[in-house]
>>> print(open('coords.csv').read())   # CSV, C-alpha atoms and all ligand atoms
chain,number,residue,atom,x,y,z
A,15,MET,CA,0.0,0.0,0.0
A,16,ILE,CA,1.3,3.5,-0.9
A,17,ASN,CA,-0.1,6.9,-0.2
A,18,VAL,CA,-1.2,9.1,-3.2
A,19,LYS,CA,-1.5,12.8,-3.0
A,20,ALA,CA,-4.4,13.8,-5.2
A,21,ALA,CA,-6.9,16.5,-6.1
A,22,VAL,CA,-10.3,15.0,-5.4
A,23,PHE,CA,-13.6,16.0,-7.0
A,24,VAL,CA,-16.2,16.1,-4.2
A,25,GLY,CA,-19.2,17.5,-6.2
A,26,PRO,CA,-20.1,19.9,-9.0
A,27,GLU,CA,-18.9,23.5,-8.6
A,28,LEU,CA,-16.9,22.7,-5.4
A,29,PRO,CA,-13.2,23.2,-5.4
A,30,LEU,CA,-11.1,20.1,-5.7
A,31,GLU,CA,-9.7,19.0,-2.3
A,32,ILE,CA,-6.1,17.9,-1.9
A,33,ARG,CA,-6.2,14.7,0.0
A,34,GLU,CA,-3.9,11.8,0.9
A,35,LEU,CA,-5.4,8.6,-0.6
A,36,GLN,CA,-4.2,5.0,-0.6
A,37,ILE,CA,-3.5,2.6,-3.5
A,38,ASP,CA,-2.2,-1.0,-3.6
A,39,SER,CA,1.4,-1.1,-4.5
A,40,GLU,CA,0.9,-4.4,-6.3
A,41,PRO,CA,-0.7,-4.0,-9.7
A,42,GLY,CA,-3.3,-6.6,-10.9
A,43,PRO,CA,-2.0,-9.1,-13.5
A,44,ASN,CA,-2.8,-6.7,-16.4
A,45,GLU,CA,-2.0,-3.4,-14.7
A,46,VAL,CA,0.9,-1.1,-14.1
A,47,LEU,CA,1.5,1.4,-11.3
A,48,VAL,CA,2.7,4.7,-12.7
A,49,ARG,CA,4.4,7.6,-10.8
A,50,ILE,CA,2.8,10.6,-12.5
A,51,ALA,CA,5.4,13.2,-13.5
A,52,ALA,CA,3.1,15.7,-15.2
A,53,SER,CA,-0.6,16.3,-16.0
A,54,GLY,CA,-2.2,18.8,-18.2
A,55,VAL,CA,-5.5,20.5,-17.3
A,56,CYS,CA,-8.1,19.9,-20.1
A,57,HIS,CA,-11.5,21.4,-20.6
A,58,SER,CA,-13.0,17.9,-20.2
A,59,ASP,CA,-11.9,18.0,-16.6
A,60,LEU,CA,-13.7,21.4,-16.3
A,61,HIS,CA,-16.9,20.0,-17.9
A,62,ALA,CA,-16.9,17.5,-15.0
A,63,LEU,CA,-16.0,20.0,-12.3
A,64,ASP,CA,-18.6,22.5,-13.5
A,65,GLY,CA,-21.4,19.9,-13.4
A,66,GLU,CA,-21.9,19.9,-17.2
A,67,TRP,CA,-21.2,16.2,-17.2
A,68,ALA,CA,-22.8,14.0,-14.6
A,69,THR,CA,-19.7,12.7,-12.7
A,70,PRO,CA,-19.6,10.5,-9.5
A,71,ALA,CA,-17.8,11.7,-6.4
A,72,PRO,CA,-15.4,11.2,-4.9
A,73,LEU,CA,-13.2,11.0,-7.9
A,74,VAL,CA,-9.6,12.0,-8.9
A,75,LEU,CA,-9.8,14.2,-12.0
A,76,GLY,CA,-7.1,14.5,-14.7
A,77,HIS,CA,-6.7,12.4,-17.8
A,78,GLU,CA,-3.8,14.0,-19.7
A,79,GLY,CA,-0.8,12.5,-17.9
A,80,ALA,CA,2.7,11.1,-18.4
A,81,GLY,CA,5.0,9.4,-15.9
A,82,VAL,CA,7.3,6.6,-15.1
A,83,VAL,CA,6.3,2.9,-14.5
A,84,VAL,CA,7.1,1.8,-10.9
A,85,ALA,CA,5.5,-1.6,-10.8
A,86,VAL,CA,4.3,-4.1,-13.4
A,87,GLY,CA,1.6,-6.8,-13.2
A,88,SER,CA,2.5,-10.5,-13.7
A,89,GLU,CA,1.0,-10.8,-17.2
A,90,VAL,CA,2.3,-7.6,-18.6
A,91,ASP,CA,5.1,-8.4,-21.1
A,92,ASP,CA,5.7,-5.1,-23.0
A,93,LEU,CA,6.4,-2.7,-20.1
A,94,GLU,CA,9.1,-2.6,-17.4
A,95,VAL,CA,9.9,-0.6,-14.3
A,96,ASP,CA,11.4,2.8,-15.3
A,97,ASP,CA,9.7,2.9,-18.7
A,98,HIS,CA,8.4,6.4,-19.6
A,99,VAL,CA,4.7,6.3,-20.5
A,100,ILE,CA,1.9,8.5,-21.7
A,101,LEU,CA,-1.4,7.5,-20.2
A,102,SER,CA,-4.4,6.9,-22.5
A,103,TRP,CA,-8.0,7.6,-21.4
A,104,THR,CA,-9.3,4.8,-23.6
A,105,PRO,CA,-7.8,1.6,-22.2
A,106,SER,CA,-8.6,-1.1,-24.8
A,107,CYS,CA,-9.6,-4.8,-24.2
A,108,GLN,CA,-7.9,-5.7,-27.5
A,109,LYS,CA,-10.5,-8.3,-28.1
A,110,CYS,CA,-13.8,-6.6,-29.0
A,111,GLU,CA,-15.0,-5.9,-32.5
A,112,PHE,CA,-13.9,-2.2,-32.3
A,113,CYS,CA,-10.4,-3.0,-30.9
A,114,VAL,CA,-9.8,-5.8,-33.4
A,115,SER,CA,-10.9,-3.6,-36.3
A,116,GLY,CA,-8.3,-0.9,-35.3
A,117,ARG,CA,-10.6,1.5,-33.5
A,118,PRO,CA,-9.6,1.2,-29.8
A,119,VAL,CA,-11.2,4.5,-28.9
A,120,LEU,CA,-14.5,2.8,-29.4
A,121,CYS,CA,-13.6,-0.2,-27.2
A,122,GLN,CA,-16.8,-1.9,-25.9
A,123,LEU,CA,-15.2,-2.7,-22.5
A,124,ALA,CA,-13.7,0.8,-22.1
A,125,ASN,CA,-17.2,2.3,-22.7
A,126,GLU,CA,-18.7,0.1,-20.0
A,127,THR,CA,-15.9,0.7,-17.5
A,128,ALA,CA,-13.3,3.4,-18.0
A,129,TYR,CA,-16.0,5.8,-19.3
A,130,GLN,CA,-17.8,5.2,-15.9
A,131,HIS,CA,-14.4,5.9,-14.2
A,132,VAL,CA,-13.8,2.3,-13.0
A,133,PHE,CA,-11.5,-0.4,-14.0
A,134,PHE,CA,-12.2,-3.5,-16.2
A,135,ASP,CA,-13.4,-5.4,-13.1
A,136,GLY,CA,-15.9,-2.6,-12.3
A,137,ARG,CA,-14.0,-1.5,-9.2
A,138,PRO,CA,-12.1,1.7,-8.4
A,139,ARG,CA,-8.4,1.4,-7.4
A,140,LEU,CA,-8.0,4.3,-5.0
A,141,ARG,CA,-9.2,4.5,-1.4
A,142,ASP,CA,-9.8,7.2,1.1
A,143,GLY,CA,-9.8,5.0,4.3
A,144,ASP,CA,-12.7,2.7,3.8
A,145,GLN,CA,-14.2,4.6,0.9
A,146,GLY,CA,-13.5,3.8,-2.8
A,147,VAL,CA,-12.4,6.7,-4.9
A,148,LYS,CA,-12.9,6.6,-8.7
A,149,SER,CA,-10.3,7.8,-11.2
A,150,PHE,CA,-11.5,10.0,-14.1
A,151,LEU,CA,-11.6,7.8,-17.3
A,152,ALA,CA,-9.6,5.2,-15.3
A,153,VAL,CA,-6.6,7.6,-15.4
A,154,GLY,CA,-6.9,10.2,-12.5
A,155,SER,CA,-3.7,12.0,-13.3
A,156,PHE,CA,-4.4,14.7,-10.7
A,157,GLY,CA,-2.7,12.3,-8.3
A,158,ASP,CA,1.0,11.6,-7.9
A,159,HIS,CA,0.5,7.9,-8.7
A,160,ALA,CA,-2.1,6.1,-10.8
A,161,MET,CA,-2.8,2.4,-11.3
A,162,VAL,CA,-3.9,1.9,-15.0
A,163,PRO,CA,-4.7,-1.0,-17.3
A,164,ALA,CA,-1.5,-1.9,-19.2
A,165,SER,CA,-3.2,-1.0,-22.5
A,166,ALA,CA,-3.5,2.6,-21.1
A,167,ALA,CA,0.2,3.0,-20.5
A,168,ILE,CA,2.0,3.7,-23.8
A,169,LYS,CA,5.7,3.5,-23.8
A,170,ILE,CA,7.7,6.4,-25.3
A,171,ARG,CA,11.3,7.3,-25.7
A,172,LYS,CA,13.1,8.6,-22.7
A,173,ASP,CA,14.5,11.8,-24.2
A,174,ALA,CA,11.1,13.5,-24.4
A,175,PRO,CA,10.3,15.9,-21.5
A,176,LEU,CA,7.3,14.5,-19.6
A,177,ALA,CA,5.5,17.9,-19.2
A,178,GLN,CA,5.2,18.2,-23.0
A,179,ALA,CA,4.6,14.4,-23.4
A,180,ALA,CA,1.6,14.6,-21.0
A,181,LEU,CA,-0.3,16.8,-23.5
A,182,VAL,CA,0.0,14.1,-26.1
A,183,GLY,CA,-2.2,12.1,-23.7
A,184,CYS,CA,-5.2,14.2,-24.7
A,185,ALA,CA,-5.2,17.6,-26.5
A,186,VAL,CA,-2.4,16.9,-29.0
A,187,THR,CA,-3.6,13.5,-30.1
A,188,THR,CA,-7.2,14.7,-30.1
A,189,GLY,CA,-6.4,17.7,-32.3
A,190,ILE,CA,-3.9,16.2,-34.7
A,191,GLY,CA,-5.8,12.9,-34.9
A,192,ALA,CA,-9.1,14.6,-35.8
A,193,VAL,CA,-7.4,15.9,-38.9
A,194,VAL,CA,-5.2,13.0,-40.0
A,195,ASN,CA,-7.1,10.0,-38.7
A,196,THR,CA,-10.8,11.0,-38.5
A,197,ALA,CA,-11.2,13.5,-41.4
A,198,ARG,CA,-8.1,12.5,-43.4
A,199,VAL,CA,-7.7,16.0,-44.8
A,200,GLU,CA,-6.0,16.0,-48.2
A,201,PRO,CA,-3.1,18.3,-49.1
A,202,GLY,CA,-4.4,21.6,-50.6
A,203,SER,CA,-7.7,21.6,-48.6
A,204,THR,CA,-9.3,24.6,-46.9
A,205,VAL,CA,-9.8,24.2,-43.2
A,206,LEU,CA,-11.7,26.1,-40.5
A,207,VAL,CA,-10.9,25.6,-36.8
A,208,VAL,CA,-13.4,27.1,-34.3
A,209,GLY,CA,-11.9,27.4,-30.8
A,210,CYS,CA,-8.1,27.9,-30.3
A,211,GLY,CA,-7.7,26.2,-27.0
A,212,GLY,CA,-5.4,23.2,-26.3
A,213,VAL,CA,-7.4,21.0,-28.6
A,214,GLY,CA,-8.1,23.5,-31.4
A,215,LEU,CA,-4.5,24.7,-31.7
A,216,ASN,CA,-3.6,21.0,-32.3
A,217,VAL,CA,-6.2,20.8,-35.0
A,218,VAL,CA,-4.3,23.7,-36.5
A,219,GLN,CA,-1.0,21.8,-36.2
A,220,GLY,CA,-2.6,18.8,-37.8
A,221,ALA,CA,-4.0,20.8,-40.7
A,222,ARG,CA,-0.5,22.2,-41.3
A,223,LEU,CA,1.0,18.7,-41.2
A,224,ALA,CA,-1.6,17.5,-43.6
A,225,GLY,CA,-0.7,20.3,-46.1
A,226,ALA,CA,-3.9,22.3,-45.9
A,227,ARG,CA,-3.5,25.4,-48.1
A,228,GLN,CA,-5.8,27.7,-46.1
A,229,ILE,CA,-6.3,27.4,-42.3
A,230,ILE,CA,-8.9,29.8,-40.9
A,231,VAL,CA,-9.1,30.0,-37.1
A,232,ALA,CA,-11.9,31.6,-35.1
A,233,ASP,CA,-12.1,32.5,-31.4
A,234,VAL,CA,-13.4,35.2,-29.2
A,235,SER,CA,-10.0,36.0,-27.8
A,236,GLU,CA,-7.3,38.0,-29.7
A,237,GLU,CA,-4.6,36.3,-27.7
A,238,LYS,CA,-5.9,32.9,-28.9
A,239,LEU,CA,-6.1,34.1,-32.5
A,240,GLU,CA,-2.4,35.2,-32.3
A,241,LEU,CA,-1.5,31.7,-31.0
A,242,GLY,CA,-3.5,30.2,-33.9
A,243,ARG,CA,-1.2,32.1,-36.3
A,244,ARG,CA,1.9,30.8,-34.4
A,245,PHE,CA,0.6,27.2,-34.9
A,246,GLY,CA,0.0,27.6,-38.6
A,247,ALA,CA,-3.3,29.5,-39.2
A,248,THR,CA,-3.3,31.6,-42.4
A,249,HIS,CA,-6.4,33.7,-41.5
A,250,THR,CA,-8.1,34.7,-38.2
A,251,VAL,CA,-11.7,35.6,-37.4
A,252,ASN,CA,-12.7,37.2,-34.2
A,253,SER,CA,-16.2,35.7,-33.9
A,254,ARG,CA,-17.2,38.1,-31.1
A,255,GLU,CA,-16.8,41.0,-33.5
A,256,VAL,CA,-18.0,39.6,-36.9
A,257,ASP,CA,-20.4,36.9,-38.1
A,258,LEU,CA,-18.4,33.8,-38.4
A,259,VAL,CA,-20.2,32.1,-41.3
A,260,SER,CA,-20.1,35.3,-43.5
A,261,ALA,CA,-16.5,35.9,-42.7
A,262,VAL,CA,-15.5,32.3,-43.8
A,263,HIS,CA,-17.5,32.7,-47.0
A,264,GLU,CA,-15.7,35.9,-47.7
A,265,LEU,CA,-12.3,34.3,-47.2
A,266,THR,CA,-13.2,31.4,-49.5
A,267,ASP,CA,-14.7,33.3,-52.4
A,268,GLY,CA,-18.2,32.4,-51.3
A,269,ARG,CA,-17.5,28.7,-51.4
A,270,GLY,CA,-17.1,27.7,-47.8
A,271,VAL,CA,-14.3,25.4,-46.5
A,272,ASP,CA,-13.7,21.8,-47.3
A,273,TYR,CA,-13.4,20.9,-43.6
A,274,ALA,CA,-14.6,22.6,-40.4
A,275,PHE,CA,-13.5,21.5,-37.0
A,276,GLU,CA,-15.4,22.6,-33.9
A,277,ALA,CA,-13.2,22.5,-30.8
A,278,ILE,CA,-15.3,24.2,-28.1
A,279,GLY,CA,-18.4,22.2,-27.5
A,280,LEU,CA,-21.2,24.7,-28.2
A,281,PRO,CA,-24.3,24.1,-30.4
A,282,VAL,CA,-24.0,27.6,-31.9
A,283,THR,CA,-20.5,27.0,-33.1
A,284,ILE,CA,-21.2,23.4,-34.3
A,285,GLU,CA,-24.0,24.8,-36.4
A,286,ALA,CA,-21.8,27.6,-37.7
A,287,CYS,CA,-19.1,25.1,-38.7
A,288,TYR,CA,-21.7,23.1,-40.7
A,289,GLU,CA,-22.9,26.3,-42.4
A,290,ALA,CA,-19.4,27.4,-43.2
A,291,THR,CA,-18.5,24.2,-45.1
A,292,SER,CA,-18.8,24.1,-48.9
A,293,ARG,CA,-21.0,21.6,-50.9
A,294,GLY,CA,-19.5,18.2,-50.2
A,295,GLY,CA,-17.7,19.6,-47.1
A,296,THR,CA,-17.2,17.8,-43.8
A,297,THR,CA,-17.8,19.1,-40.3
A,298,VAL,CA,-16.0,17.4,-37.6
A,299,VAL,CA,-17.3,17.7,-34.0
A,300,VAL,CA,-14.4,17.6,-31.6
A,301,GLY,CA,-15.6,19.8,-28.9
A,302,GLN,CA,-17.9,18.1,-26.3
A,303,VAL,CA,-21.2,19.7,-25.2
A,304,ALA,CA,-22.8,19.6,-21.8
A,305,ASP,CA,-25.1,16.6,-21.1
A,306,GLY,CA,-28.4,16.8,-23.0
A,307,VAL,CA,-27.5,19.6,-25.5
A,308,LYS,CA,-28.8,19.2,-29.0
A,309,ILE,CA,-28.0,20.9,-32.3
A,310,SER,CA,-30.2,21.9,-35.3
A,311,ILE,CA,-29.2,21.4,-38.9
A,312,ASP,CA,-31.1,21.4,-42.2
A,313,PRO,CA,-31.2,17.7,-43.4
A,314,PHE,CA,-32.4,18.8,-46.9
A,315,VAL,CA,-29.1,20.7,-47.3
A,316,MET,CA,-27.3,17.7,-45.9
A,317,SER,CA,-28.5,15.4,-48.7
A,318,ASP,CA,-28.8,18.0,-51.5
A,319,GLN,CA,-25.2,19.3,-50.9
A,320,GLU,CA,-23.7,16.0,-49.8
A,321,LYS,CA,-22.5,17.6,-46.6
A,322,ARG,CA,-21.0,15.4,-43.9
A,323,LEU,CA,-21.2,15.8,-40.2
A,324,ILE,CA,-18.9,13.4,-38.3
A,325,GLY,CA,-17.6,13.1,-34.7
A,326,SER,CA,-14.1,12.5,-33.5
A,327,ASN,CA,-13.2,10.8,-30.3
A,328,TYR,CA,-9.6,11.1,-29.1
A,329,GLY,CA,-8.6,11.8,-32.7
A,330,SER,CA,-9.7,8.3,-33.7
A,331,SER,CA,-6.2,7.4,-32.4
A,332,ARG,CA,-4.5,4.1,-32.0
A,333,GLN,CA,-2.5,5.3,-29.0
A,334,SER,CA,0.3,2.7,-29.3
A,335,ILE,CA,1.0,4.0,-32.8
A,336,ASP,CA,0.1,7.7,-32.5
A,337,PHE,CA,1.7,8.6,-29.2
A,338,PRO,CA,5.3,7.6,-30.1
A,339,ARG,CA,4.8,9.0,-33.6
A,340,ILE,CA,3.8,12.4,-32.3
A,341,ILE,CA,6.7,12.4,-29.9
A,342,ASP,CA,9.0,11.7,-32.8
A,343,LEU,CA,7.5,14.6,-34.8
A,344,TYR,CA,8.0,16.9,-31.7
A,345,LEU,CA,11.6,15.9,-31.3
A,346,GLU,CA,12.2,16.5,-35.0
A,347,GLY,CA,10.7,20.0,-34.6
A,348,ARG,CA,7.7,19.3,-36.8
A,349,VAL,CA,5.1,19.5,-34.0
A,350,ASP,CA,5.3,22.3,-31.4
A,351,LEU,CA,4.6,21.1,-27.9
A,352,ASP,CA,6.9,23.6,-26.0
A,353,SER,CA,4.6,26.6,-26.8
A,354,MET,CA,1.6,24.6,-25.6
A,355,VAL,CA,2.8,24.6,-22.0
A,356,THR,CA,1.9,28.1,-20.8
A,357,ALA,CA,2.1,27.5,-17.0
A,358,ARG,CA,3.7,25.0,-14.7
A,359,ILE,CA,2.2,24.6,-11.2
A,360,PRO,CA,2.2,22.3,-8.2
A,361,LEU,CA,-0.9,20.2,-7.6
A,362,GLU,CA,-2.1,22.7,-5.0
A,363,GLY,CA,-2.6,25.3,-7.7
A,364,VAL,CA,-5.1,23.2,-9.6
A,365,ASN,CA,-8.2,25.2,-8.7
A,366,GLU,CA,-6.6,28.4,-10.0
A,367,ALA,CA,-5.7,26.6,-13.2
A,368,PHE,CA,-9.4,26.0,-13.8
A,369,ASP,CA,-10.1,29.7,-13.2
A,370,GLU,CA,-7.5,30.5,-15.9
A,371,MET,CA,-9.2,28.1,-18.3
A,372,ARG,CA,-12.7,29.6,-17.5
A,373,SER,CA,-11.3,33.0,-18.4
A,374,GLY,CA,-9.8,31.7,-21.7
A,375,ARG,CA,-6.2,32.6,-20.8
A,376,GLY,CA,-3.2,30.5,-21.7
A,377,ILE,CA,-3.1,27.2,-23.6
A,378,ARG,CA,-2.3,24.4,-21.2
A,379,THR,CA,-1.4,24.6,-17.5
A,380,VAL,CA,0.7,21.5,-16.5
A,381,ILE,CA,0.8,20.2,-13.0
A,382,GLU,CA,4.3,18.9,-12.2
A,383,TYR,CA,4.8,16.5,-9.3
B,1,LIG,N1,-13.4,14.8,-28.9
B,1,LIG,C1,-12.5,14.5,-28.0
B,1,LIG,O1,-12.0,13.4,-28.0
B,1,LIG,C2,-12.1,15.5,-27.0
B,1,LIG,C3,-10.9,15.4,-26.3
B,1,LIG,C4,-10.5,16.4,-25.5
B,1,LIG,C5,-11.2,17.5,-25.3
B,1,LIG,N2,-12.4,17.6,-26.0
B,1,LIG,C6,-13.3,18.8,-25.9
B,1,LIG,O2,-12.8,19.8,-26.7
B,1,LIG,C7,-13.2,21.1,-26.2
B,1,LIG,C8,-12.1,22.1,-26.1
B,1,LIG,O3,-11.2,21.6,-25.1
B,1,LIG,P1,-9.9,22.6,-24.8
B,1,LIG,O4,-9.2,21.9,-23.7
B,1,LIG,O5,-9.2,22.9,-26.0
B,1,LIG,O6,-10.6,23.9,-24.2
B,1,LIG,P2,-10.1,25.3,-23.9
B,1,LIG,O7,-10.9,25.9,-22.8
B,1,LIG,O8,-8.6,25.3,-23.8
B,1,LIG,O9,-10.4,26.1,-25.3
B,1,LIG,C9,-11.6,26.5,-25.7
B,1,LIG,C10,-11.4,27.7,-26.6
B,1,LIG,O10,-12.7,28.1,-27.2
B,1,LIG,C11,-12.7,29.5,-27.2
B,1,LIG,N3,-14.2,29.9,-27.1
B,1,LIG,C12,-15.0,29.8,-26.1
B,1,LIG,N4,-16.3,30.2,-26.4
B,1,LIG,C13,-16.2,30.6,-27.7
B,1,LIG,C14,-17.1,31.0,-28.7
B,1,LIG,N5,-18.4,31.2,-28.4
B,1,LIG,N6,-16.7,31.3,-29.9
B,1,LIG,C15,-15.4,31.1,-30.3
B,1,LIG,N7,-14.5,30.6,-29.4
B,1,LIG,C16,-14.8,30.4,-28.2
B,1,LIG,C17,-11.9,30.0,-25.9
B,1,LIG,O11,-11.5,31.3,-26.0
B,1,LIG,C18,-10.8,29.0,-26.0
B,1,LIG,O12,-9.7,29.5,-26.7
B,1,LIG,C19,-13.9,20.8,-24.9
B,1,LIG,O13,-15.3,20.7,-25.1
B,1,LIG,C20,-13.4,19.5,-24.5
B,1,LIG,O14,-14.2,18.7,-23.6
B,1,LIG,C21,-12.8,16.7,-26.9
B,2,ZN,ZN,-8.8,16.0,-22.4
B,3,ZN,ZN,-12.1,-3.5,-27.0
>>> encode(input="coords.csv", output="C-alpha cells")
Amino acid sequence: MINVKAAVFVGPELPLEIRELQIDSEPGPNEVLVRIAASGVCHSDLHALDGEWATPAPLVLGHEGAGVVVAVGSEVDDLEVDDHVILSWTPSCQKCEFCVSGRPVLCQLANETAYQHVFFDGRPRLRDGDQGVKSFLAVGSFGDHAMVPASAAIKIRKDAPLAQAALVGCAVTTGIGAVVNTARVEPGSTVLVVGCGGVGLNVVQGARLAGARQIIVADVSEEKLELGRRFGATHTVNSREVDLVSAVHELTDGRGVDYAFEAIGLPVTIEACYEATSRGGTTVVVGQVADGVKISIDPFVMSDQEKRLIGSNYGSSRQSIDFPRIIDLYLEGRVDLDSMVTARIPLEGVNEAFDEMRSGRGIRTVIEY
C-alpha cells in the first residue's frame, strides 16, 4: 500500500480537495502502477468540475498524464519498471469488434468501465480510508501515482520531456488525430478551426502537417487568435466581432471550407461550422457539449449538398502507434509542444488553473509532481 497525494472532485462547482489517498502497491496481472510526472488540465476536466457532465464523487480528475512505471503486473510483457509512458484515457480490451478492427477509442469494455471511471473489473483502485475513490476515465492524473490497465500506459522514448509528453495524452492526439485519422484532410484543402484552446491549436497543427492550403481560425480572444497564427493559421476571425459564417464565406470566395472542426463544444459553433462548409464539405465535431445539449441542422441541405457531419473521439487514435509517432514529430521539430505549456504549477494550484481556463487565458497549465 502506498499513499497518493491527489486533487479529489467532491461534487459539482466545489473546489477540488487535496487529500492523501491509498492505493495497492501491487498491480493486478494486467495493470501497471505509474508515478505521474506531469498532468495537463483539459477542458473535459472542467466539464466534470462545473457539473456539465454527470460525474460521480469522490473521484480523482485528470486524464492528460505522463510518468514513469514503478510496478508491473504479472501478465504484462511489454512494459518494465522505469519505462516512460503517456497515459491513454481509452484503455482497450484488444478483443472486442472495435479493438480488433483498429478502433480502440470505441472499445466496448472501455465504454462500459473506463468511461464510468472504474477499471475493467468494475471497481475503483484508489481508497480514502474505507471509501473507494474513482479515477477519471480510469486515469486520474491529478494524483502523484495512478494504477492503470497496461493498455493505457503507452511507452515512449526517454529523451522526451514529460510535461510536454503529458499533453499528447489528450489535447495533441485529439487535435492532430481529428485531422489526419478522422477526417483524413487532403493536401491543398481549406480548413476552418473554431476554438483555439489546447485542442483547437492542435487541430491547426494537424492541418498544417496535412498540407492544408488555407487554415482559418476563429475564437473570441485576440490572444488565442495570435496563437492560432503561431501554430499555422493563415487567417483569423474574431467571432465576437464579426459573423463567423459570413467571414468564412468571404475568405473562401463564397464557397465555404472543405473541412470545419469545432473545438469548443457549443451548439451555436457546431451549427456555424456546418454552415461554413462548402458543398461536399465535412464538419468534424471535436468539442464536447454539456449533457443533453442538441444541435439543429437542415437535413435537406445535408442530402442535397452531400455535406458530412462526423464526430471525432480522441482523434480516432490508436494510441500505441500515434503517441510515439507524435513524440518523434515533436523531437524532429515538426510539432510544437513547447509553446503549448503556458504555465507549470504544483498540484495545490489546480483550482486556480481552472479559473484561468474559464477566463480563456493560456493554452495548457501543466501540473508537475
Ligand atoms: N473529442 C474528444 O476526444 C475531445 C478530447 C479532449 C477535449 N475535448 C473537448 O474539446 C473542447 C475544447 O477543449 P480545450 O481543452 O481545448 O478547451 P479550452 O478551454 O482550452 O479552449 C476553448 C477555446 O474556445 C474559445 N471559445 C469559447 N467560447 C467561444 C465562442 N463562443 N466562440 C469562439 N471561441 C470560443 C476559448 O476562447 C478557448 O480558446 C472541450 O469541449 C473538450 O471537452 C474533446
Ligand atoms: Zn482532455
Ligand atoms: Zn475493446
>>> atom_distance(input="coords.csv", atom1="CA of Leu239 (chain A)", atom2="atom C13 of ligand LIG 1 (chain B)")
11.7 Å
>>> residues_around(input="coords.csv", residues="region 112-126 of chain A", least_positions_apart="6", cutoff="8 Å", atoms="all atoms listed in the file", output="list in words")
Thr104, Pro105, Ser106, Phe134, Asn327, Tyr328, Ser330, Ser331 and Arg332 of chain A
>>> residues_near_point(input="coords.csv", point="(-8.7, 29.4, -31.3)", cutoff="6 Å", atoms="only C-alpha atoms", output="JSON, numbers by chain")
{"A": [209, 210, 211, 214, 231, 232, 233, 238, 239, 242]}
>>> closest_residue(input="coords.csv", among="A:Glu111, A:Asn17, A:Arg227, A:Val95", to="ligand ZN 3 (chain B)", atoms="all atoms listed in the file")
A:Glu111
>>> atom_distance(input="coords.csv", atom1="CA of Thr204 (chain A)", atom2="CA of Ser260 (chain A)")
15.6 Å
>>> residues_near_ligand(input="coords.csv", ligand="ligand LIG 1 (chain B)", cutoff="7 Å", atoms="all atoms listed in the file", output="PyMOL selection string")
chain A and resi 56-58+61+184-185+188+208-214+232-235+238+253-254+277-279+283+300-303+326-329+371-372+374+377-378
>>> write_last_selection(input="coords.csv", atoms="C-alpha atoms", output="CSV table (one decimal), keeping the file's coordinate frame")
chain,number,residue,atom,x,y,z
A,56,CYS,CA,-8.1,19.9,-20.1
A,57,HIS,CA,-11.5,21.4,-20.6
A,58,SER,CA,-13.0,17.9,-20.2
A,61,HIS,CA,-16.9,20.0,-17.9
A,184,CYS,CA,-5.2,14.2,-24.7
A,185,ALA,CA,-5.2,17.6,-26.5
A,188,THR,CA,-7.2,14.7,-30.1
A,208,VAL,CA,-13.4,27.1,-34.3
A,209,GLY,CA,-11.9,27.4,-30.8
A,210,CYS,CA,-8.1,27.9,-30.3
A,211,GLY,CA,-7.7,26.2,-27.0
A,212,GLY,CA,-5.4,23.2,-26.3
A,213,VAL,CA,-7.4,21.0,-28.6
A,214,GLY,CA,-8.1,23.5,-31.4
A,232,ALA,CA,-11.9,31.6,-35.1
A,233,ASP,CA,-12.1,32.5,-31.4
A,234,VAL,CA,-13.4,35.2,-29.2
A,235,SER,CA,-10.0,36.0,-27.8
A,238,LYS,CA,-5.9,32.9,-28.9
A,253,SER,CA,-16.2,35.7,-33.9
A,254,ARG,CA,-17.2,38.1,-31.1
A,277,ALA,CA,-13.2,22.5,-30.8
A,278,ILE,CA,-15.3,24.2,-28.1
A,279,GLY,CA,-18.4,22.2,-27.5
A,283,THR,CA,-20.5,27.0,-33.1
A,300,VAL,CA,-14.4,17.6,-31.6
A,301,GLY,CA,-15.6,19.8,-28.9
A,302,GLN,CA,-17.9,18.1,-26.3
A,303,VAL,CA,-21.2,19.7,-25.2
A,326,SER,CA,-14.1,12.5,-33.5
A,327,ASN,CA,-13.2,10.8,-30.3
A,328,TYR,CA,-9.6,11.1,-29.1
A,329,GLY,CA,-8.6,11.8,-32.7
A,371,MET,CA,-9.2,28.1,-18.3
A,372,ARG,CA,-12.7,29.6,-17.5
A,374,GLY,CA,-9.8,31.7,-21.7
A,377,ILE,CA,-3.1,27.2,-23.6
A,378,ARG,CA,-2.3,24.4,-21.2
>>> closest_residue(input="coords.csv", among="A:Lys109, A:Arg243, A:Lys321, A:Lys148", to="Leu75 (chain A)", atoms="only C-alpha atoms")
A:Lys148
>>> closest_residue(input="coords.csv", among="A:Met354, A:Ala274, A:Ala304, A:Ile359", to="Glu66 (chain A)", atoms="all atoms listed in the file")
A:Ala304
>>> atom_distance(input="coords.csv", atom1="CA of Asp257 (chain A)", atom2="CA of Val205 (chain A)")
17.3 Å
>>> residues_around(input="coords.csv", residues="Ala179 (chain A)", least_positions_apart="6", cutoff="12 Å", atoms="all atoms listed in the file", output="PyMOL selection string")
chain A and resi 50-54+78-82+98-102+168-173+185-187+337-345+349-352+354-355+380
>>> residues_around(input="coords.csv", residues="Val18 (chain A)", least_positions_apart="2", cutoff="12 Å", atoms="all atoms listed in the file", output="ChimeraX atom specification")
/A:15-16,20-22,32-39,47-50,74,139-142,147,154-161,361,383
>>> closest_residue(input="coords.csv", among="A:Ala177, A:Asp92, A:Leu206, A:Phe150", to="Arg358 (chain A)", atoms="only C-alpha atoms")
A:Ala177
>>> closest_residue(input="coords.csv", among="A:Val83, A:Val282, A:Ala180, A:Val307", to="ligand ZN 2 (chain B)", atoms="all atoms listed in the file")
A:Ala180
>>> residues_around(input="coords.csv", residues="Glu89 (chain A)", least_positions_apart="6", cutoff="12 Å", atoms="all atoms listed in the file", output="JSON, numbers by chain")
{"A": [41, 42, 43, 44, 45, 46, 163, 164, 165]}
